[in-house]
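Asker: Got a file for you: my_file19.cif, mmCIF, C-alpha atoms.
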data_protein
loop_
_atom_site.label_atom_id
_atom_site.label_comp_id
_atom_site.auth_asym_id
_atom_site.auth_seq_id
_atom_site.Cartn_x
_atom_site.Cartn_y
_atom_site.Cartn_z
CA MET A 2 47.47 37.82 -29.10
CA SER A 3 49.27 34.62 -28.10
CA SER A 4 50.05 31.94 -30.66
CA PRO A 5 47.85 28.83 -30.64
CA THR A 6 49.21 25.97 -28.57
CA ALA A 7 49.75 22.44 -29.85
CA ALA A 8 46.63 21.38 -27.93
CA ASP A 9 44.60 24.09 -29.70
CA MET A 10 45.85 22.95 -33.08
CA THR A 11 45.00 19.34 -32.25
CA GLN A 12 41.47 20.39 -31.37
CA GLN A 13 41.11 22.30 -34.65
CA HIS A 14 42.39 19.34 -36.65
CA PRO A 15 41.40 16.24 -34.66
CA ASP A 16 42.28 13.83 -37.48
CA GLU A 17 45.68 15.39 -38.20
CA GLY A 18 48.20 12.56 -38.35
CA THR A 19 45.56 9.87 -38.83
CA PRO A 20 46.63 7.44 -41.57
CA VAL A 21 44.65 8.00 -44.74
CA SER A 22 43.70 4.32 -44.85
CA VAL A 23 41.96 4.75 -41.49
CA LYS A 24 39.98 7.75 -42.78
CA ILE A 25 38.84 5.86 -45.87
CA ARG A 26 37.89 2.83 -43.82
CA GLU A 27 35.91 4.99 -41.37
CA ARG A 28 33.89 6.46 -44.26
CA LEU A 29 33.12 2.99 -45.59
CA VAL A 30 32.04 1.74 -42.18
CA ALA A 31 29.89 4.84 -41.56
CA ALA A 32 28.17 4.29 -44.93
CA ARG A 33 27.80 0.56 -44.16
CA LYS A 34 29.61 -0.28 -47.37
CA ARG A 35 31.64 -3.42 -47.95
CA PHE A 36 35.35 -3.12 -48.67
CA HIS A 37 36.21 -6.70 -49.59
CA ALA A 38 39.26 -7.32 -51.73
CA ASN A 39 37.23 -7.28 -54.95
CA ASP A 40 35.10 -4.22 -54.12
CA ASN A 41 35.59 -0.81 -55.70
CA ILE A 42 35.99 1.88 -53.02
CA SER A 43 36.68 4.92 -55.23
CA ASP A 44 33.57 6.78 -53.99
CA PHE A 45 35.14 7.00 -50.55
CA ILE A 46 38.56 8.31 -51.61
CA GLN A 47 38.90 12.09 -51.65
CA PRO A 48 41.13 14.07 -54.04
CA GLY A 49 44.79 13.73 -53.14
CA GLU A 50 44.27 10.75 -50.84
CA LEU A 51 45.40 8.12 -53.30
CA GLU A 52 48.85 9.74 -53.41
CA ARG A 53 48.96 9.72 -49.61
CA LEU A 54 47.81 6.11 -49.57
CA LEU A 55 50.73 5.29 -51.86
CA ASP A 56 53.14 6.78 -49.31
CA GLU A 57 51.47 4.82 -46.51
CA VAL A 58 51.67 1.51 -48.38
CA GLU A 59 55.33 2.20 -49.19
CA ASP A 60 56.14 2.70 -45.50
CA LYS A 61 54.35 -0.51 -44.53
CA MET A 62 55.98 -2.43 -47.36
CA LYS A 63 59.38 -1.30 -46.03
CA ALA A 64 58.40 -2.79 -42.68
CA VAL A 65 57.47 -6.08 -44.39
CA LEU A 66 60.87 -6.22 -46.13
CA ASP A 67 62.62 -5.42 -42.85
CA SER A 68 60.74 -8.27 -41.15
CA MET A 69 61.86 -10.58 -43.95
CA VAL A 70 65.46 -9.53 -43.15
CA ILE A 71 66.02 -7.96 -46.56
CA ASP A 72 68.60 -5.18 -46.63
CA THR A 73 66.88 -2.30 -48.42
CA LYS A 74 69.67 0.17 -47.66
CA GLY A 75 72.81 -1.67 -48.66
CA ASP A 76 71.32 -3.74 -51.49
CA HIS A 77 71.01 -1.57 -54.60
CA ASN A 78 68.43 -3.98 -56.04
CA THR A 79 65.98 -3.40 -53.19
CA ASN A 80 66.61 0.30 -52.44
CA ASP A 81 63.30 1.32 -54.02
CA THR A 82 61.44 -1.99 -53.91
CA ALA A 83 58.90 -0.81 -51.32
CA ARG A 84 57.93 2.16 -53.51
CA ARG A 85 57.80 0.05 -56.66
CA VAL A 86 55.58 -2.56 -55.01
CA ALA A 87 53.25 0.11 -53.59
CA LYS A 88 52.88 1.71 -57.04
CA MET A 89 52.34 -1.69 -58.65
CA TYR A 90 49.49 -2.56 -56.30
CA LEU A 91 47.70 0.80 -56.17
CA SER A 92 48.32 2.11 -59.69
CA GLU A 93 48.41 -1.08 -61.76
CA VAL A 94 47.51 -4.54 -60.42
CA PHE A 95 44.70 -3.44 -58.06
CA ARG A 96 43.82 -0.17 -59.77
CA GLY A 97 40.25 -1.39 -60.24
CA ARG A 98 39.65 -1.00 -56.50
CA TYR A 99 40.66 2.65 -56.30
CA VAL A 100 39.50 4.38 -59.48
CA PRO A 101 35.94 4.94 -60.77
CA GLN A 102 34.47 2.83 -63.53
CA PRO A 103 35.86 3.91 -66.93
CA PRO A 104 33.40 6.04 -68.92
CA ILE A 105 31.28 3.90 -71.23
CA THR A 106 29.39 5.53 -74.09
CA GLU A 107 26.13 3.71 -74.77
CA PHE A 108 24.18 3.94 -78.03
CA PRO A 109 20.62 2.84 -78.80
CA ASN A 110 20.24 -0.26 -80.95
CA ALA A 111 19.07 1.80 -83.94
CA GLU A 112 19.34 -1.11 -86.40
CA HIS A 113 17.47 -3.47 -84.07
CA LEU A 114 20.34 -5.97 -84.11
CA ASN A 115 19.30 -9.33 -82.68
CA GLU A 116 22.09 -11.69 -83.72
CA LEU A 117 24.71 -13.29 -81.48
CA MET A 118 27.82 -11.14 -80.99
CA ILE A 119 31.02 -12.49 -79.45
CA VAL A 120 33.94 -10.40 -78.19
CA GLY A 121 37.26 -11.99 -77.30
CA PRO A 122 39.64 -13.18 -76.31
CA LEU A 123 40.13 -10.25 -73.95
CA ALA A 124 43.20 -10.28 -71.70
CA VAL A 125 42.79 -10.96 -68.00
CA ARG A 126 45.46 -9.68 -65.62
CA SER A 127 44.43 -10.15 -62.02
CA ALA A 128 45.59 -11.70 -58.74
CA CYS A 129 43.97 -14.16 -56.38
CA SER A 130 42.86 -12.72 -53.06
CA HIS A 131 44.20 -15.75 -51.15
CA HIS A 132 47.90 -15.32 -51.90
CA LEU A 133 48.01 -12.20 -54.12
CA CYS A 134 49.57 -14.37 -56.83
CA PRO A 135 48.94 -13.47 -60.48
CA VAL A 136 45.92 -14.79 -62.37
CA ILE A 137 46.56 -14.51 -66.11
CA GLY A 138 44.12 -15.53 -68.78
CA LYS A 139 41.46 -14.52 -71.26
CA ILE A 140 37.72 -13.97 -71.49
CA TRP A 141 35.10 -14.35 -74.21
CA ILE A 142 31.82 -12.45 -73.99
CA GLY A 143 28.70 -13.35 -75.93
CA VAL A 144 25.80 -10.90 -76.17
CA MET A 145 22.33 -11.52 -77.59
CA PRO A 146 20.91 -8.01 -78.08
CA ASN A 147 17.33 -6.90 -78.52
CA GLU A 148 15.85 -3.71 -79.93
CA HIS A 149 16.12 -2.01 -76.54
CA THR A 150 19.71 -3.11 -75.85
CA ASN A 151 22.32 -0.41 -75.32
CA VAL A 152 25.22 -0.88 -77.74
CA ILE A 153 28.74 -0.21 -76.47
CA GLY A 154 31.99 -0.16 -78.43
CA LEU A 155 34.12 -3.30 -78.58
CA SER A 156 37.02 -1.61 -76.79
CA LYS A 157 34.71 -0.75 -73.91
CA TYR A 158 34.28 -4.44 -73.10
CA ALA A 159 38.06 -4.64 -72.67
CA ARG A 160 37.99 -1.62 -70.35
CA LEU A 161 35.26 -3.14 -68.20
CA VAL A 162 37.16 -6.43 -68.00
CA ASP A 163 40.33 -4.59 -66.98
CA TRP A 164 38.44 -2.61 -64.30
CA ILE A 165 36.77 -5.65 -62.75
CA MET A 166 39.86 -7.86 -62.94
CA GLY A 167 42.18 -5.15 -61.60
CA ARG A 168 41.47 -6.22 -58.00
CA PRO A 169 42.31 -9.22 -55.82
CA GLN A 170 39.81 -11.68 -57.24
CA ILE A 171 38.48 -15.21 -57.04
CA GLN A 172 37.78 -16.30 -60.61
CA GLU A 173 34.24 -17.53 -59.95
CA GLU A 174 33.28 -14.23 -58.30
CA ALA A 175 35.07 -12.09 -60.90
CA VAL A 176 33.04 -13.52 -63.78
CA VAL A 177 29.78 -12.93 -61.89
CA GLN A 178 30.79 -9.32 -61.15
CA LEU A 179 31.59 -8.75 -64.81
CA ALA A 180 28.31 -10.32 -65.93
CA ASP A 181 26.31 -8.14 -63.52
CA LEU A 182 28.03 -5.01 -64.82
CA ILE A 183 27.53 -5.81 -68.52
CA MET A 184 23.89 -6.78 -67.95
CA GLU A 185 23.32 -3.46 -66.20
CA LYS A 186 25.01 -1.47 -68.96
CA THR A 187 23.54 -3.17 -72.03
CA GLN A 188 20.25 -4.84 -70.96
CA PRO A 189 20.51 -7.67 -73.52
CA ASP A 190 18.25 -10.69 -73.93
CA GLY A 191 21.17 -12.87 -72.97
CA LEU A 192 24.79 -12.76 -71.86
CA ALA A 193 27.43 -15.50 -71.84
CA ILE A 194 30.94 -15.22 -70.42
CA VAL A 195 33.71 -17.82 -70.44
CA MET A 196 37.00 -17.24 -68.63
CA GLU A 197 40.14 -19.36 -68.84
CA ALA A 198 43.08 -18.52 -66.61
CA SER A 199 46.33 -19.79 -65.12
CA HIS A 200 46.65 -19.32 -61.37
CA PHE A 201 50.16 -18.76 -60.10
CA CYS A 202 49.06 -19.87 -56.63
CA MET A 203 49.09 -23.36 -58.20
CA SER A 204 52.06 -23.05 -60.54
CA TRP A 205 54.41 -20.76 -58.59
CA ARG A 206 53.72 -22.24 -55.14
CA GLY A 207 51.70 -25.06 -53.60
CA VAL A 208 51.47 -28.07 -55.93
CA ARG A 209 53.50 -26.21 -58.61
CA ASP A 210 51.48 -27.63 -61.47
CA MET A 211 52.55 -25.57 -64.46
CA ASP A 212 49.90 -26.77 -66.92
CA SER A 213 46.62 -26.52 -65.03
CA LYS A 214 44.06 -23.87 -65.91
CA MET A 215 40.65 -22.98 -64.56
CA ILE A 216 37.73 -22.48 -66.95
CA ASN A 217 34.34 -21.24 -65.80
CA SER A 218 31.31 -19.60 -67.31
CA VAL A 219 28.27 -17.50 -66.51
CA MET A 220 25.10 -17.71 -68.60
CA ARG A 221 22.27 -15.22 -68.31
CA GLY A 222 18.89 -14.85 -70.00
CA VAL A 223 18.39 -16.76 -73.25
CA PHE A 224 21.82 -18.42 -72.99
CA LEU A 225 20.60 -20.08 -69.81
CA LYS A 226 17.26 -21.13 -71.29
CA ASP A 227 18.25 -22.08 -74.85
CA PRO A 228 20.72 -25.02 -75.11
CA ALA A 229 21.13 -24.53 -78.86
CA LEU A 230 22.20 -20.91 -78.44
CA ARG A 231 24.56 -21.90 -75.66
CA ARG A 232 26.13 -24.56 -77.87
CA GLU A 233 26.47 -22.06 -80.72
CA PHE A 234 28.31 -19.61 -78.47
CA LEU A 235 30.66 -22.28 -77.13
CA SER A 236 31.32 -23.70 -80.60
CA LEU A 237 32.40 -20.28 -81.89
CA ILE A 238 35.06 -19.82 -79.20
CA PRO A 239 38.41 -20.89 -80.73
CA GLY A 240 39.73 -24.02 -79.04
CA LYS A 241 36.63 -24.49 -76.91
CA ASN A 242 34.46 -26.56 -79.25
#
Could you render the structure from this file as structure tokens?

Answerer:
Amino acid sequence: MSSPTAADMTQQHPDEGTPVSVKIRERLVAARKRFHANDNISDFIQPGELERLLDEVEDKMKAVLDSMVIDTKGDHNTNDTARRVAKMYLSEVFRGRYVPQPPITEFPNAEHLNELMIVGPLAVRSACSHHLCPVIGKIWIGVMPNEHTNVIGLSKYARLVDWIMGRPQIQEEAVVQLADLIMEKTQPDGLAIVMEASHFCMSWRGVRDMDSKMINSVMRGVFLKDPALRREFLSLIPGKN
């Protein structure tokens, strides 16, 4: 029996050689799912593909450095820069796009707690989706539980913040995403979130204002309806009263 020809092998594996990013994108498009900068796409990444995506990003980052006329062969400082940048984006800074939501253990509110609880400050490490410049700051979360509220551990709030912020984000949208997720997980009577962050797209470039910060908030449920509760929450945030 004759060996299979190259044409036969191409027919058997029609997507052989197709970049893994193209395959992931095709799945998203077929499912009519968004893949904006701040979306999580982990459901459409198959086992082993994230490692292949890392290789692909490294190759394209090399091309970017070449186009910037940076010697990545003769300069010992930039020999491995493309690989380091690819790992930074996929495995650290934008990890929240590519990995599933961290497991969150939820407990019933057995003691029927109904007093204001505040968690924070929680660290924010993100990047703006306009320039991919760092966004560094902190978040405070206020929860008004009811007897049906799911209780989650304090460290889990930090994990959810890290997962949502670990994507290219716009601060206003990031806080809304986080609020939606916590509301879904805990079902409280009210939720309040305040975020304060420095944007390097203002301090590192552009106007280069080193001292400016952005502060925004999201109020849900009783925090939106009850001014006294809202004032109590804001007064209990250090430096915000």

Asker: Counting only C-alpha atoms, which of A:Ser92, A:Ser43, A:Ser127, A:Ser22 gets nearest to A:Lys61?

Answerer: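 Closest candidate: A:Ser22.
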
Asker: Return as a PyMOL selection string the set of residues that the PyMOL selection byres ((chain A and resi 156) around 12) yields on the displayed structure.

Answerer: chain A and resi 103-106+120-124+152-155+157-163

Asker: Give me, as a compact mmCIF listing (two decimals) with C-alpha atoms, in the frame of the given file, all polymer residues having an atom no more than 10 Å from A:Arg85, counting all atoms listed in the file and skipping those fewer than 6 positions away in the same chain.

Answerer:
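Writing done, so here's result-v9.txt:
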# COMPACT_ATOMS: atom_id res chain seq x y z
CA GLU A 59 55.33 2.20 -49.19
CA MET A 62 55.98 -2.43 -47.36
CA THR A 79 65.98 -3.40 -53.19

Asker: Give me the result of the PyMOL selection byres ((chain A and resi 196-211) around 12) on this file, residue by residue, as JSON, numbers by chain.

Answerer: {"A": [121, 122, 123, 124, 125, 126, 127, 128, 129, 130, 131, 132, 133, 134, 135, 136, 137, 138, 139, 140, 141, 142, 143, 162, 166, 170, 171, 172, 173, 174, 175, 176, 177, 179, 180, 193, 194, 195, 212, 213, 214, 215, 216, 217, 218, 219, 220, 235, 238, 240, 241]}

Asker: Report as a list in words the full result of the PyMOL selection byres ((chain A and resi 39) around 7) when it is applied to this structure.

Answerer: His37, Ala38, Asp40, Asn41, Arg98, Arg168, Pro169 and Gln170 of chain A

Asker: Have a look at atom CA of A:Ile46 and atom CA of A:Lys186 and let me know their distance in Å, one decimal.

Answerer: 24.1 Å

Asker: Atom CA of A:Asp67 and atom CA of A:Arg84 are how many Å apart?

Answerer: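 Interatomic distance, atom CA of A:Asp67 to atom CA of A:Arg84: 13.9 Å.
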
Asker: Counting all atoms listed in the file, which residues have an atom no more than 12 Å from (21.5, -21.4, -73.6) in the file's coordinates? Please list them as a compact mmCIF listing (two decimals) with C-alpha atoms, keeping the file's coordinate frame.

Answerer:
# COMPACT_ATOMS: atom_id res chain seq x y z
CA LEU A 117 24.71 -13.29 -81.48
CA GLY A 143 28.70 -13.35 -75.93
CA VAL A 144 25.80 -10.90 -76.17
CA MET A 145 22.33 -11.52 -77.59
CA ASP A 190 18.25 -10.69 -73.93
CA GLY A 191 21.17 -12.87 -72.97
CA LEU A 192 24.79 -12.76 -71.86
CA ALA A 193 27.43 -15.50 -71.84
CA ILE A 194 30.94 -15.22 -70.42
CA SER A 218 31.31 -19.60 -67.31
CA VAL A 219 28.27 -17.50 -66.51
CA MET A 220 25.10 -17.71 -68.60
CA ARG A 221 22.27 -15.22 -68.31
CA GLY A 222 18.89 -14.85 -70.00
CA VAL A 223 18.39 -16.76 -73.25
CA PHE A 224 21.82 -18.42 -72.99
CA LEU A 225 20.60 -20.08 -69.81
CA LYS A 226 17.26 -21.13 -71.29
CA ASP A 227 18.25 -22.08 -74.85
CA PRO A 228 20.72 -25.02 -75.11
CA ALA A 229 21.13 -24.53 -78.86
CA LEU A 230 22.20 -20.91 -78.44
CA ARG A 231 24.56 -21.90 -75.66
CA ARG A 232 26.13 -24.56 -77.87
CA GLU A 233 26.47 -22.06 -80.72
CA PHE A 234 28.31 -19.61 -78.47
CA LEU A 235 30.66 -22.28 -77.13

Asker: Any idea what the distance is between atom CA of A:Thr82 and atom CA of A:Arg53?

Answerer: 17.6 Å

Asker: Considering all atoms listed in the file, state which residue in the set A:Asp76, A:Lys24, A:Gly167, A:Asp56 is at the smallest distance from A:Val94.

Answerer: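 So, comparing all the options, the nearest one is A:Gly167.
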
Asker: Contacts of A:Phe45 at 8 Å or less, counting only C-alpha atoms, minus same-chain residues fewer than 4 places along, as an MDAnalysis selection string?

Answerer: chainID A and resid 25 28:29

Asker: From the list A:Leu237, A:Val58, A:Ile42, A:Ile183, which residue is nearest A:Lys88 when using only C-alpha atoms?

Answerer: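 Smallest distance to A:Lys88 is found for A:Val58.
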
Asker: Counting all atoms listed in the file, which of A:Pro101, A:Phe36, A:Pro20, A:Asn147 gets nearest to A:Asn115?

Answerer: A:Asn147
